[in-house]
>>> print(open('work_13.cif').read())   # mmCIF, C-alpha atoms
data_work
#
loop_
_atom_site.group_PDB
_atom_site.id
_atom_site.type_symbol
_atom_site.label_atom_id
_atom_site.label_comp_id
_atom_site.auth_asym_id
_atom_site.auth_seq_id
_atom_site.Cartn_x
_atom_site.Cartn_y
_atom_site.Cartn_z
ATOM 1 C CA MET S 1001 7.452 31.744 -71.364
ATOM 2 C CA ALA S 1002 5.628 29.227 -73.539
ATOM 3 C CA ASN S 1003 1.877 29.581 -73.664
ATOM 4 C CA SER S 1004 1.177 26.381 -75.540
ATOM 5 C CA TYR S 1005 2.524 22.856 -75.703
ATOM 6 C CA LYS S 1006 2.232 20.504 -78.658
ATOM 7 C CA THR S 1007 2.218 16.798 -79.349
ATOM 8 C CA THR S 1008 1.578 14.788 -82.496
ATOM 9 C CA VAL S 1009 0.169 11.273 -82.742
ATOM 10 C CA LYS S 1010 0.105 8.936 -85.747
ATOM 11 C CA ARG S 1011 -1.533 5.565 -86.196
ATOM 12 C CA ILE S 1012 1.029 2.752 -86.604
ATOM 13 C CA GLY S 1013 -1.093 -0.330 -85.982
ATOM 14 C CA LYS S 1014 -4.591 -1.566 -85.335
ATOM 15 C CA ARG S 1015 -4.670 -0.298 -81.774
ATOM 16 C CA LYS S 1016 -1.325 1.424 -81.550
ATOM 17 C CA GLY S 1017 0.097 4.857 -82.245
ATOM 18 C CA HIS S 1018 3.325 6.810 -82.130
ATOM 19 C CA LEU S 1019 3.620 9.940 -80.015
ATOM 20 C CA VAL S 1020 5.994 12.828 -80.654
ATOM 21 C CA CYS S 1021 6.164 15.310 -77.777
ATOM 22 C CA GLY S 1022 6.913 18.961 -78.340
ATOM 23 C CA ASN S 1023 9.868 18.796 -75.981
ATOM 24 C CA GLY S 1024 11.537 15.994 -77.927
ATOM 25 C CA PRO S 1025 10.668 12.534 -76.584
ATOM 26 C CA GLU S 1026 8.953 10.021 -78.858
ATOM 27 C CA MET S 1027 7.280 6.757 -77.948
ATOM 28 C CA ASP S 1028 4.708 4.257 -79.093
ATOM 29 C CA PHE S 1029 1.453 4.096 -77.188
ATOM 30 C CA GLY S 1030 -1.739 2.129 -77.098
ATOM 31 C CA ALA S 1031 -4.710 1.204 -74.983
ATOM 32 C CA PRO S 1032 -4.410 -0.527 -71.615
ATOM 33 C CA PRO S 1033 -5.364 -4.194 -71.374
ATOM 34 C CA ASP S 1034 -8.843 -3.373 -70.007
ATOM 35 C CA ALA S 1035 -9.560 -1.398 -73.177
ATOM 36 C CA HIS S 1036 -8.397 -3.972 -75.730
ATOM 37 C CA GLY S 1037 -4.739 -2.974 -75.491
ATOM 38 C CA GLN S 1038 -1.684 -4.824 -74.231
ATOM 39 C CA TYR S 1039 0.452 -4.809 -71.126
ATOM 40 C CA GLY S 1040 3.695 -2.911 -71.613
ATOM 41 C CA TRP S 1041 2.275 -0.133 -73.758
ATOM 42 C CA PHE S 1042 2.383 3.488 -72.683
ATOM 43 C CA THR S 1043 -1.276 4.503 -72.354
ATOM 44 C CA PRO S 1044 -3.284 7.737 -72.185
ATOM 45 C CA GLU S 1045 -4.294 6.730 -68.657
ATOM 46 C CA ASP S 1046 -0.629 6.412 -67.679
ATOM 47 C CA ALA S 1047 0.038 9.774 -69.297
ATOM 48 C CA PHE S 1048 -2.719 11.460 -67.300
ATOM 49 C CA VAL S 1049 -1.588 10.120 -63.928
ATOM 50 C CA ALA S 1050 2.059 10.700 -64.832
ATOM 51 C CA ALA S 1051 1.311 14.286 -65.845
ATOM 52 C CA VAL S 1052 -0.045 15.005 -62.372
ATOM 53 C CA ASN S 1053 2.745 13.130 -60.612
ATOM 54 C CA THR S 1054 5.609 14.642 -62.585
ATOM 55 C CA CYS S 1055 4.243 18.187 -62.448
ATOM 56 C CA ILE S 1056 3.768 18.099 -58.675
ATOM 57 C CA HIS S 1057 7.263 16.596 -58.393
ATOM 58 C CA MET S 1058 8.873 19.420 -60.349
ATOM 59 C CA ILE S 1059 6.970 22.217 -58.623
ATOM 60 C CA PHE S 1060 7.627 20.694 -55.197
ATOM 61 C CA LEU S 1061 11.370 20.643 -55.889
ATOM 62 C CA TRP S 1062 11.221 24.288 -56.940
ATOM 63 C CA THR S 1063 9.149 25.219 -53.898
ATOM 64 C CA CYS S 1064 11.613 23.528 -51.544
ATOM 65 C CA GLU S 1065 14.396 25.518 -53.152
ATOM 66 C CA ARG S 1066 12.504 28.796 -52.667
ATOM 67 C CA MET S 1067 11.536 27.885 -49.086
ATOM 68 C CA LYS S 1068 15.132 26.826 -48.332
ATOM 69 C CA ILE S 1069 14.058 23.321 -47.364
ATOM 70 C CA ASN S 1070 16.922 20.835 -47.549
ATOM 71 C CA LEU S 1071 15.236 18.051 -49.525
ATOM 72 C CA LEU S 1072 17.106 14.754 -49.298
ATOM 73 C CA GLU S 1073 14.693 12.348 -51.001
ATOM 74 C CA TYR S 1074 11.403 12.479 -52.848
ATOM 75 C CA GLU S 1075 9.535 9.490 -54.249
ATOM 76 C CA CYS S 1076 5.862 9.469 -55.060
ATOM 77 C CA ALA S 1077 3.373 6.782 -56.043
ATOM 78 C CA ALA S 1078 0.324 8.113 -57.827
ATOM 79 C CA GLU S 1079 -2.954 6.420 -58.635
ATOM 80 C CA GLY S 1080 -5.873 7.724 -60.644
ATOM 81 C CA PHE S 1081 -9.319 6.372 -59.869
ATOM 82 C CA LYS S 1082 -11.954 6.261 -62.573
ATOM 83 C CA LYS S 1083 -15.699 5.974 -62.532
ATOM 84 C CA VAL S 1084 -17.609 4.272 -65.327
ATOM 85 C CA PHE S 1085 -21.080 5.644 -65.923
ATOM 86 C CA LEU S 1086 -24.193 3.832 -67.122
ATOM 87 C CA ASP S 1087 -23.595 4.951 -70.699
ATOM 88 C CA LYS S 1088 -19.984 3.662 -70.479
ATOM 89 C CA THR S 1089 -18.463 7.127 -70.435
ATOM 90 C CA GLU S 1090 -15.650 7.410 -67.912
ATOM 91 C CA THR S 1091 -13.917 10.019 -65.801
ATOM 92 C CA PHE S 1092 -11.008 10.164 -63.405
ATOM 93 C CA THR S 1093 -12.788 11.192 -60.197
ATOM 94 C CA HIS S 1094 -9.634 11.624 -58.137
ATOM 95 C CA VAL S 1095 -5.894 11.181 -58.214
ATOM 96 C CA VAL S 1096 -4.064 10.184 -55.040
ATOM 97 C CA LEU S 1097 -0.403 11.040 -54.613
ATOM 98 C CA LYS S 1098 1.568 9.361 -51.824
ATOM 99 C CA PRO S 1099 4.922 11.129 -51.689
ATOM 100 C CA CYS S 1100 7.647 9.880 -49.326
ATOM 101 C CA ILE S 1101 9.696 12.919 -48.468
ATOM 102 C CA LYS S 1102 12.906 13.084 -46.476
ATOM 103 C CA VAL S 1103 14.259 16.478 -45.440
ATOM 104 C CA ARG S 1104 16.961 17.754 -43.131
ATOM 105 C CA GLY S 1105 16.475 20.521 -40.596
ATOM 106 C CA ALA S 1106 12.955 21.493 -41.620
ATOM 107 C CA SER S 1107 9.625 21.096 -39.865
ATOM 108 C CA VAL S 1108 6.757 18.860 -40.915
ATOM 109 C CA GLU S 1109 4.619 22.002 -41.194
ATOM 110 C CA SER S 1110 6.994 23.644 -43.652
ATOM 111 C CA VAL S 1111 7.039 20.527 -45.852
ATOM 112 C CA GLN S 1112 3.240 20.403 -45.784
ATOM 113 C CA LYS S 1113 3.179 24.078 -46.738
ATOM 114 C CA ALA S 1114 5.527 23.327 -49.646
ATOM 115 C CA LEU S 1115 3.161 20.587 -50.837
ATOM 116 C CA GLU S 1116 0.202 22.980 -50.672
ATOM 117 C CA VAL S 1117 2.136 25.557 -52.662
ATOM 118 C CA ALA S 1118 3.226 22.926 -55.194
ATOM 119 C CA GLN S 1119 -0.384 21.916 -55.706
ATOM 120 C CA LYS S 1120 -1.409 25.560 -56.115
ATOM 121 C CA TYR S 1121 1.297 26.337 -58.685
ATOM 122 C CA SER S 1122 1.177 23.064 -60.625
ATOM 123 C CA LEU S 1123 -0.146 23.730 -64.127
ATOM 124 C CA ILE S 1124 -1.477 20.207 -64.446
ATOM 125 C CA ALA S 1125 -3.060 20.120 -60.967
ATOM 126 C CA ALA S 1126 -4.736 23.441 -61.672
ATOM 127 C CA SER S 1127 -6.046 22.208 -65.010
ATOM 128 C CA ILE S 1128 -7.651 18.881 -64.167
ATOM 129 C CA LYS S 1129 -11.199 18.517 -62.878
ATOM 130 C CA SER S 1130 -10.391 15.360 -60.887
ATOM 131 C CA GLU S 1131 -9.865 15.874 -57.175
ATOM 132 C CA LEU S 1132 -6.201 15.769 -56.194
ATOM 133 C CA ILE S 1133 -5.436 14.136 -52.852
ATOM 134 C CA ILE S 1134 -1.925 14.226 -51.401
ATOM 135 C CA GLU S 1135 -1.110 11.816 -48.586
ATOM 136 C CA PRO S 1136 2.530 12.433 -47.682
ATOM 137 C CA THR S 1137 4.918 10.533 -45.465
ATOM 138 C CA ILE S 1138 7.414 13.048 -44.129
ATOM 139 C CA LEU S 1139 10.692 12.060 -42.520
ATOM 140 C CA ILE S 1140 12.788 14.680 -40.781
ATOM 141 C CA GLU S 1141 16.533 14.229 -40.351
ATOM 142 C CA PRO S 1142 18.128 16.449 -37.734
ATOM 143 C CA MET T 1085 -14.730 49.934 -60.426
ATOM 144 C CA LYS T 1086 -15.090 52.022 -57.271
ATOM 145 C CA THR T 1087 -16.647 50.660 -54.094
ATOM 146 C CA GLU T 1088 -17.276 52.571 -50.878
ATOM 147 C CA HIS T 1089 -13.646 52.394 -49.727
ATOM 148 C CA ASN T 1090 -11.647 50.852 -52.565
ATOM 149 C CA PHE T 1091 -10.950 51.069 -56.231
ATOM 150 C CA GLU T 1092 -11.161 47.491 -57.495
ATOM 151 C CA LEU T 1093 -10.027 45.731 -60.642
ATOM 152 C CA GLY T 1094 -11.463 42.298 -61.372
ATOM 153 C CA PHE T 1095 -9.960 40.000 -64.010
ATOM 154 C CA ASP T 1096 -9.350 36.268 -64.368
ATOM 155 C CA LYS T 1097 -9.537 34.915 -60.800
ATOM 156 C CA PHE T 1098 -8.384 38.158 -59.158
ATOM 157 C CA GLN T 1099 -10.004 41.161 -57.520
ATOM 158 C CA LEU T 1100 -7.261 43.709 -56.849
ATOM 159 C CA LYS T 1101 -8.015 46.408 -54.291
ATOM 160 C CA VAL T 1102 -6.657 49.924 -53.937
ATOM 161 C CA PRO T 1103 -7.935 51.561 -50.730
ATOM 162 C CA GLN T 1104 -8.828 55.202 -51.225
ATOM 163 C CA ASP T 1105 -7.403 56.486 -47.954
ATOM 164 C CA LEU T 1106 -3.746 55.609 -48.655
ATOM 165 C CA TYR T 1107 -0.896 57.157 -50.637
ATOM 166 C CA TYR T 1108 1.123 55.045 -53.067
ATOM 167 C CA ALA T 1109 4.578 54.897 -54.601
ATOM 168 C CA GLY T 1110 4.821 53.960 -58.259
ATOM 169 C CA TYR T 1111 6.883 50.944 -57.195
ATOM 170 C CA ASP T 1112 3.837 49.433 -55.484
ATOM 171 C CA THR T 1113 4.144 50.262 -51.823
ATOM 172 C CA TRP T 1114 1.563 52.159 -49.797
ATOM 173 C CA VAL T 1115 1.654 54.469 -46.806
ATOM 174 C CA ARG T 1116 -1.036 55.171 -44.251
ATOM 175 C CA VAL T 1117 -0.393 58.372 -42.298
ATOM 176 C CA GLU T 1118 -1.379 58.340 -38.626
ATOM 177 C CA GLY T 1119 -0.509 61.757 -37.181
ATOM 178 C CA GLU T 1120 3.291 62.040 -37.216
ATOM 179 C CA ASN T 1121 3.709 58.328 -37.839
ATOM 180 C CA ALA T 1122 3.066 56.071 -40.788
ATOM 181 C CA VAL T 1123 2.417 52.451 -41.650
ATOM 182 C CA ILE T 1124 3.889 50.970 -44.831
ATOM 183 C CA GLY T 1125 3.078 47.903 -46.876
ATOM 184 C CA MET T 1126 2.966 46.242 -50.291
ATOM 185 C CA THR T 1127 0.010 46.756 -52.570
ATOM 186 C CA ASP T 1128 -2.443 44.039 -53.496
ATOM 187 C CA PHE T 1129 -1.116 44.160 -57.074
ATOM 188 C CA ILE T 1130 2.521 43.463 -56.223
ATOM 189 C CA GLN T 1131 1.811 40.793 -53.615
ATOM 190 C CA THR T 1132 -0.391 39.035 -56.161
ATOM 191 C CA LYS T 1133 2.205 39.345 -58.900
ATOM 192 C CA VAL T 1134 5.064 37.850 -56.884
ATOM 193 C CA GLY T 1135 2.981 34.899 -55.646
ATOM 194 C CA ASP T 1136 3.209 33.149 -52.298
ATOM 195 C CA ILE T 1137 5.731 34.890 -50.062
ATOM 196 C CA PHE T 1138 8.016 32.737 -47.894
ATOM 197 C CA PHE T 1139 10.451 35.216 -46.370
ATOM 198 C CA PHE T 1140 10.701 38.905 -45.569
ATOM 199 C CA ASN T 1141 14.241 40.043 -44.806
ATOM 200 C CA PRO T 1142 14.256 43.562 -43.324
ATOM 201 C CA VAL T 1143 17.252 45.858 -43.602
ATOM 202 C CA GLU T 1144 19.165 46.676 -40.437
ATOM 203 C CA ALA T 1145 18.332 50.342 -40.001
ATOM 204 C CA GLN T 1146 16.653 52.689 -37.561
ATOM 205 C CA ALA T 1147 15.991 55.373 -40.158
ATOM 206 C CA LEU T 1148 15.577 55.444 -43.938
ATOM 207 C CA GLU T 1149 15.110 58.027 -46.668
ATOM 208 C CA GLN T 1150 12.337 57.845 -49.244
ATOM 209 C CA ASP T 1151 13.176 55.354 -52.055
ATOM 210 C CA GLU T 1152 15.722 53.397 -50.025
ATOM 211 C CA VAL T 1153 15.383 49.634 -49.744
ATOM 212 C CA LEU T 1154 13.317 48.588 -46.744
ATOM 213 C CA GLY T 1155 13.827 44.881 -47.136
ATOM 214 C CA THR T 1156 13.616 41.941 -49.489
ATOM 215 C CA ILE T 1157 10.847 39.456 -50.017
ATOM 216 C CA GLU T 1158 11.424 35.947 -51.302
ATOM 217 C CA SER T 1159 8.448 34.365 -52.991
ATOM 218 C CA ILE T 1160 7.705 31.313 -55.093
ATOM 219 C CA LYS T 1161 8.418 33.373 -58.191
ATOM 220 C CA ALA T 1162 11.018 35.965 -57.341
ATOM 221 C CA THR T 1163 13.245 37.788 -54.887
ATOM 222 C CA VAL T 1164 12.226 41.434 -54.829
ATOM 223 C CA ASP T 1165 13.479 44.538 -53.025
ATOM 224 C CA ILE T 1166 10.809 46.522 -51.214
ATOM 225 C CA THR T 1167 11.390 50.257 -51.377
ATOM 226 C CA ILE T 1168 10.199 52.639 -48.702
ATOM 227 C CA PRO T 1169 7.785 55.344 -49.928
ATOM 228 C CA VAL T 1170 8.521 57.871 -47.153
ATOM 229 C CA SER T 1171 11.432 59.048 -45.036
ATOM 230 C CA GLY T 1172 11.402 58.326 -41.342
ATOM 231 C CA ASP T 1173 13.074 57.148 -38.182
ATOM 232 C CA HIS T 1174 12.178 54.884 -35.256
ATOM 233 C CA LEU T 1175 11.685 52.176 -37.844
ATOM 234 C CA GLU T 1176 9.826 49.135 -36.568
ATOM 235 C CA PHE T 1177 9.034 46.021 -38.611
ATOM 236 C CA ASN T 1178 5.928 43.877 -38.328
ATOM 237 C CA PRO T 1179 7.014 41.097 -35.925
ATOM 238 C CA ALA T 1180 4.292 38.761 -37.194
ATOM 239 C CA LEU T 1181 6.056 38.501 -40.563
ATOM 240 C CA LYS T 1182 8.883 36.501 -38.960
ATOM 241 C CA SER T 1183 6.649 33.443 -38.799
ATOM 242 C CA SER T 1184 3.619 34.360 -40.925
ATOM 243 C CA THR T 1185 4.646 35.976 -44.203
ATOM 244 C CA GLU T 1186 1.352 34.803 -45.686
ATOM 245 C CA LEU T 1187 -0.216 37.799 -43.888
ATOM 246 C CA ILE T 1188 1.169 39.972 -46.705
ATOM 247 C CA SER T 1189 -0.814 37.952 -49.243
ATOM 248 C CA ASN T 1190 -3.927 37.481 -47.141
ATOM 249 C CA ASP T 1191 -4.269 41.032 -45.823
ATOM 250 C CA PRO T 1192 -1.805 43.386 -47.573
ATOM 251 C CA TYR T 1193 -3.423 46.572 -46.253
ATOM 252 C CA GLY T 1194 -4.059 45.267 -42.737
ATOM 253 C CA GLN T 1195 -2.252 42.594 -40.755
ATOM 254 C CA GLY T 1196 0.303 42.227 -43.548
ATOM 255 C CA TRP T 1197 1.805 45.677 -42.980
ATOM 256 C CA ILE T 1198 5.583 45.764 -43.389
ATOM 257 C CA ALA T 1199 6.840 48.588 -41.182
ATOM 258 C CA LYS T 1200 5.914 51.547 -39.016
ATOM 259 C CA LEU T 1201 7.971 54.684 -38.571
ATOM 260 C CA HIS T 1202 8.021 58.282 -37.444
ATOM 261 C CA LEU T 1203 7.754 60.599 -40.461
ATOM 262 C CA THR T 1204 10.634 63.043 -40.923
ATOM 263 C CA ASP T 1205 9.801 64.748 -44.244
ATOM 264 C CA TRP T 1206 6.168 64.028 -45.004
ATOM 265 C CA GLU T 1207 5.276 67.146 -46.948
ATOM 266 C CA MET T 1208 8.192 66.668 -49.372
ATOM 267 C CA ASP T 1209 7.669 62.907 -49.609
ATOM 268 C CA LYS T 1210 3.960 63.357 -50.255
ATOM 269 C CA SER T 1211 4.657 65.365 -53.392
ATOM 270 C CA MET T 1212 6.322 62.268 -54.882
ATOM 271 C CA LEU T 1213 3.455 59.911 -54.058
ATOM 272 C CA LEU T 1214 0.237 59.085 -55.853
ATOM 273 C CA PRO T 1215 -3.296 59.335 -54.511
ATOM 274 C CA ALA T 1216 -5.389 56.180 -54.832
ATOM 275 C CA ASN T 1217 -7.117 57.122 -58.092
ATOM 276 C CA LYS T 1218 -3.783 57.800 -59.831
ATOM 277 C CA TYR T 1219 -2.186 54.612 -58.496
ATOM 278 C CA PHE T 1220 -5.263 52.679 -59.619
ATOM 279 C CA GLU T 1221 -4.709 53.966 -63.173
ATOM 280 C CA LEU T 1222 -1.026 53.026 -63.004
ATOM 281 C CA MET T 1223 -1.866 49.601 -61.605
ATOM 282 C CA GLN T 1224 -4.259 48.921 -64.463
ATOM 283 C CA GLU T 1225 -1.451 49.685 -66.921
ATOM 284 C CA LYS T 1226 0.896 47.391 -65.023
ATOM 285 C CA VAL T 1227 -1.656 44.593 -65.092
ATOM 286 C CA LYS T 1228 -2.138 45.039 -68.818
ATOM 287 C CA ASN T 1229 1.612 44.977 -69.417
ATOM 288 C CA ALA T 1230 2.062 41.905 -67.211
ATOM 289 C CA LEU T 1231 -0.682 40.044 -69.074
ATOM 290 C CA ASP T 1232 0.794 41.056 -72.447
ATOM 291 C CA ASP T 1233 4.268 39.714 -71.547
#
>>> encode(input="work_13.cif", output="structure tokens")
Amino acid sequence: MANSYKTTVKRIGKRKGHLVCGNGPEMDFGAPPDAHGQYGWFTPEDAFVAAVNTCIHMIFLWTCERMKINLLEYECAAEGFKKVFLDKTETFTHVVLKPCIKVRGASVESVQKALEVAQKYSLIAASIKSELIIEPTILIEP
Amino acid sequence: MKTEHNFELGFDKFQLKVPQDLYYAGYDTWVRVEGENAVIGMTDFIQTKVGDIFFFNPVEAQALEQDEVLGTIESIKATVDITIPVSGDHLEFNPALKSSTELISNDPYGQGWIAKLHLTDWEMDKSMLLPANKYFELMQEKVKNALDD
């Protein structure tokens, strides 16, 4: 089991860089428009919110498998909320995930339990200091 | 560390307990003797190691010999056989585990007990078991090995 994960970044423009991820993907990135960047660039803010969203996604899928929940659909919007302090430092205070989950033959309680477990076992969720709020919509198919 | 009733090992975010009044198998089950009967469960170490437990599947048996499989647990991390530390008959499983397997994690030496039975060969079985202080030593080695992996 890996105990570390690596990325490399290199400057390729005035406010732009190129990211190489340890697992293979590469992409350009830059600042968001509110920080002198441009729309359409992959940003560190996107990466942070995406890290939470994708990690919970993967662990939830695994948890459903282990709990024998027949998962039909999973789609999740995530939003990170930041606070700007007087000295212009910033922090993500909380991240809200709104997963829409469709399952067959399982109870709402078991799906909620799977979400709790996913949050507990998510490396990213366990590592961030922002509060993580999950507001699911759960649909049960008989 | 030794408290009034438990040996305890604290590390990272864990505080693993080993009650002094129980006997232990090296494969991380415990037995509490109550006259001619016994209660059996998983130790704090093993329930912590396997993570959240979702299912306990007991074997279909009225009687078992020491070291036979008592059932299987399915957790977030693994599917593991649970081995019985003593021989006995009139086997009865904890009915609460059908709907509340989290009892094993929350209270492994209490409400999370796995099975009760009538002892059939206690004196012989006992010679194969460890007292709490010896299991505590073994558990510390297991923790070290698990963290080194």
>>> resolve_selection(input="work_13.cif", expression="the PyMOL selection byres ((chain S) within 9 of (chain T))", output="PyMOL selection string")
chain S and resi 1001+1062-1063+1066-1067+1117+1121
>>> resolve_selection(input="work_13.cif", expression="the PyMOL selection byres ((chain S and resi 1051) around 12)", output="PyMOL selection string")
chain S and resi 1044-1050+1052-1058+1078-1080+1095+1097+1122-1128
>>> write_last_selection(input="work_13.cif", atoms="C-alpha atoms", output="PDB file, keeping the file's coordinate frame")
ATOM      1  CA  PRO S1044      -3.284   7.737 -72.185  1.00  0.00           C
ATOM      2  CA  GLU S1045      -4.294   6.730 -68.657  1.00  0.00           C
ATOM      3  CA  ASP S1046      -0.629   6.412 -67.679  1.00  0.00           C
ATOM      4  CA  ALA S1047       0.038   9.774 -69.297  1.00  0.00           C
ATOM      5  CA  PHE S1048      -2.719  11.460 -67.300  1.00  0.00           C
ATOM      6  CA  VAL S1049      -1.588  10.120 -63.928  1.00  0.00           C
ATOM      7  CA  ALA S1050       2.059  10.700 -64.832  1.00  0.00           C
ATOM      8  CA  VAL S1052      -0.045  15.005 -62.372  1.00  0.00           C
ATOM      9  CA  ASN S1053       2.745  13.130 -60.612  1.00  0.00           C
ATOM     10  CA  THR S1054       5.609  14.642 -62.585  1.00  0.00           C
ATOM     11  CA  CYS S1055       4.243  18.187 -62.448  1.00  0.00           C
ATOM     12  CA  ILE S1056       3.768  18.099 -58.675  1.00  0.00           C
ATOM     13  CA  HIS S1057       7.263  16.596 -58.393  1.00  0.00           C
ATOM     14  CA  MET S1058       8.873  19.420 -60.349  1.00  0.00           C
ATOM     15  CA  ALA S1078       0.324   8.113 -57.827  1.00  0.00           C
ATOM     16  CA  GLU S1079      -2.954   6.420 -58.635  1.00  0.00           C
ATOM     17  CA  GLY S1080      -5.873   7.724 -60.644  1.00  0.00           C
ATOM     18  CA  VAL S1095      -5.894  11.181 -58.214  1.00  0.00           C
ATOM     19  CA  LEU S1097      -0.403  11.040 -54.613  1.00  0.00           C
ATOM     20  CA  SER S1122       1.177  23.064 -60.625  1.00  0.00           C
ATOM     21  CA  LEU S1123      -0.146  23.730 -64.127  1.00  0.00           C
ATOM     22  CA  ILE S1124      -1.477  20.207 -64.446  1.00  0.00           C
ATOM     23  CA  ALA S1125      -3.060  20.120 -60.967  1.00  0.00           C
ATOM     24  CA  ALA S1126      -4.736  23.441 -61.672  1.00  0.00           C
ATOM     25  CA  SER S1127      -6.046  22.208 -65.010  1.00  0.00           C
ATOM     26  CA  ILE S1128      -7.651  18.881 -64.167  1.00  0.00           C
TER      27      ILE S1128
END
>>> resolve_selection(input="work_13.cif", expression="the PyMOL selection byres ((chain T and resi 1100) around 9)", output="PDB file with C-alpha atoms, in the frame of the given file")
ATOM      1  CA  PHE T1091     -10.950  51.069 -56.231  1.00  0.00           C
ATOM      2  CA  GLU T1092     -11.161  47.491 -57.495  1.00  0.00           C
ATOM      3  CA  LEU T1093     -10.027  45.731 -60.642  1.00  0.00           C
ATOM      4  CA  GLY T1094     -11.463  42.298 -61.372  1.00  0.00           C
ATOM      5  CA  PHE T1095      -9.960  40.000 -64.010  1.00  0.00           C
ATOM      6  CA  PHE T1098      -8.384  38.158 -59.158  1.00  0.00           C
ATOM      7  CA  GLN T1099     -10.004  41.161 -57.520  1.00  0.00           C
ATOM      8  CA  LYS T1101      -8.015  46.408 -54.291  1.00  0.00           C
ATOM      9  CA  VAL T1102      -6.657  49.924 -53.937  1.00  0.00           C
ATOM     10  CA  THR T1127       0.010  46.756 -52.570  1.00  0.00           C
ATOM     11  CA  ASP T1128      -2.443  44.039 -53.496  1.00  0.00           C
ATOM     12  CA  PHE T1129      -1.116  44.160 -57.074  1.00  0.00           C
ATOM     13  CA  THR T1132      -0.391  39.035 -56.161  1.00  0.00           C
TER      14      THR T1132
END
>>> residues_around(input="work_13.cif", residues="Ile1124 (chain T)", least_positions_apart="3", cutoff="9 Å", atoms="all atoms listed in the file", output="list in words")
Thr1113, Trp1114, Val1115, Arg1116, Val1117, Ile1168, Pro1169, Val1170, Tyr1193, Trp1197, Ile1198, Ala1199, Lys1200 and Leu1201 of chain T
>>> closest_residue(input="work_13.cif", among="S:Cys1064, S:Ala1002, S:Ile1101, S:Leu1086", to="Lys1113 (chain S)", atoms="all atoms listed in the file")
S:Cys1064
>>> atom_distance(input="work_13.cif", atom1="CA of Gly1037 (chain S)", atom2="CA of Arg1015 (chain S)")
6.8 Å
>>> atom_distance(input="work_13.cif", atom1="CA of Leu1203 (chain T)", atom2="CA of Gly1172 (chain T)")
4.4 Å
>>> closest_residue(input="work_13.cif", among="T:Pro1142, T:Pro1103, T:Gly1110, T:Gly1194", to="Ile1157 (chain T)", atoms="all atoms listed in the file")
T:Pro1142
>>> build_atoms(input="work_13.cif", residues="region 1169-1181 of chain T", atoms="N, CA and C atoms", output="PDB file, in the coordinates of the input")
ATOM      1  N   PRO T1169       8.376  54.192 -49.225  1.00  0.00           N
ATOM      2  CA  PRO T1169       7.785  55.344 -49.928  1.00  0.00           C
ATOM      3  C   PRO T1169       7.933  56.673 -49.182  1.00  0.00           C
ATOM      4  N   VAL T1170       8.375  56.631 -47.929  1.00  0.00           N
ATOM      5  CA  VAL T1170       8.521  57.871 -47.153  1.00  0.00           C
ATOM      6  C   VAL T1170       9.790  57.812 -46.314  1.00  0.00           C
ATOM      7  N   SER T1171      10.269  58.975 -45.919  1.00  0.00           N
ATOM      8  CA  SER T1171      11.432  59.048 -45.036  1.00  0.00           C
ATOM      9  C   SER T1171      10.966  58.989 -43.587  1.00  0.00           C
ATOM     10  N   GLY T1172      11.793  58.366 -42.747  1.00  0.00           N
ATOM     11  CA  GLY T1172      11.402  58.326 -41.342  1.00  0.00           C
ATOM     12  C   GLY T1172      12.449  57.692 -40.461  1.00  0.00           C
ATOM     13  N   ASP T1173      12.200  57.806 -39.152  1.00  0.00           N
ATOM     14  CA  ASP T1173      13.074  57.148 -38.182  1.00  0.00           C
ATOM     15  C   ASP T1173      12.216  56.331 -37.203  1.00  0.00           C
ATOM     16  N   HIS T1174      12.859  55.799 -36.189  1.00  0.00           N
ATOM     17  CA  HIS T1174      12.178  54.884 -35.256  1.00  0.00           C
ATOM     18  C   HIS T1174      11.481  53.759 -36.023  1.00  0.00           C
ATOM     19  N   LEU T1175      12.228  53.213 -36.974  1.00  0.00           N
ATOM     20  CA  LEU T1175      11.685  52.176 -37.844  1.00  0.00           C
ATOM     21  C   LEU T1175      11.410  50.893 -37.059  1.00  0.00           C
ATOM     22  N   GLU T1176      10.227  50.358 -37.281  1.00  0.00           N
ATOM     23  CA  GLU T1176       9.826  49.135 -36.568  1.00  0.00           C
ATOM     24  C   GLU T1176       9.143  48.217 -37.580  1.00  0.00           C
ATOM     25  N   PHE T1177       9.603  46.959 -37.642  1.00  0.00           N
ATOM     26  CA  PHE T1177       9.034  46.021 -38.611  1.00  0.00           C
ATOM     27  C   PHE T1177       7.938  45.176 -37.968  1.00  0.00           C
ATOM     28  N   ASN T1178       7.037  44.699 -38.807  1.00  0.00           N
ATOM     29  CA  ASN T1178       5.928  43.877 -38.328  1.00  0.00           C
ATOM     30  C   ASN T1178       6.476  42.554 -37.785  1.00  0.00           C
ATOM     31  N   PRO T1179       6.416  42.319 -36.480  1.00  0.00           N
ATOM     32  CA  PRO T1179       7.014  41.097 -35.925  1.00  0.00           C
ATOM     33  C   PRO T1179       6.310  39.828 -36.394  1.00  0.00           C
ATOM     34  N   ALA T1180       5.050  39.948 -36.762  1.00  0.00           N
ATOM     35  CA  ALA T1180       4.292  38.761 -37.194  1.00  0.00           C
ATOM     36  C   ALA T1180       4.836  38.170 -38.486  1.00  0.00           C
ATOM     37  N   LEU T1181       5.561  38.991 -39.277  1.00  0.00           N
ATOM     38  CA  LEU T1181       6.056  38.501 -40.563  1.00  0.00           C
ATOM     39  C   LEU T1181       7.218  37.520 -40.404  1.00  0.00           C
TER      40      LEU T1181
END
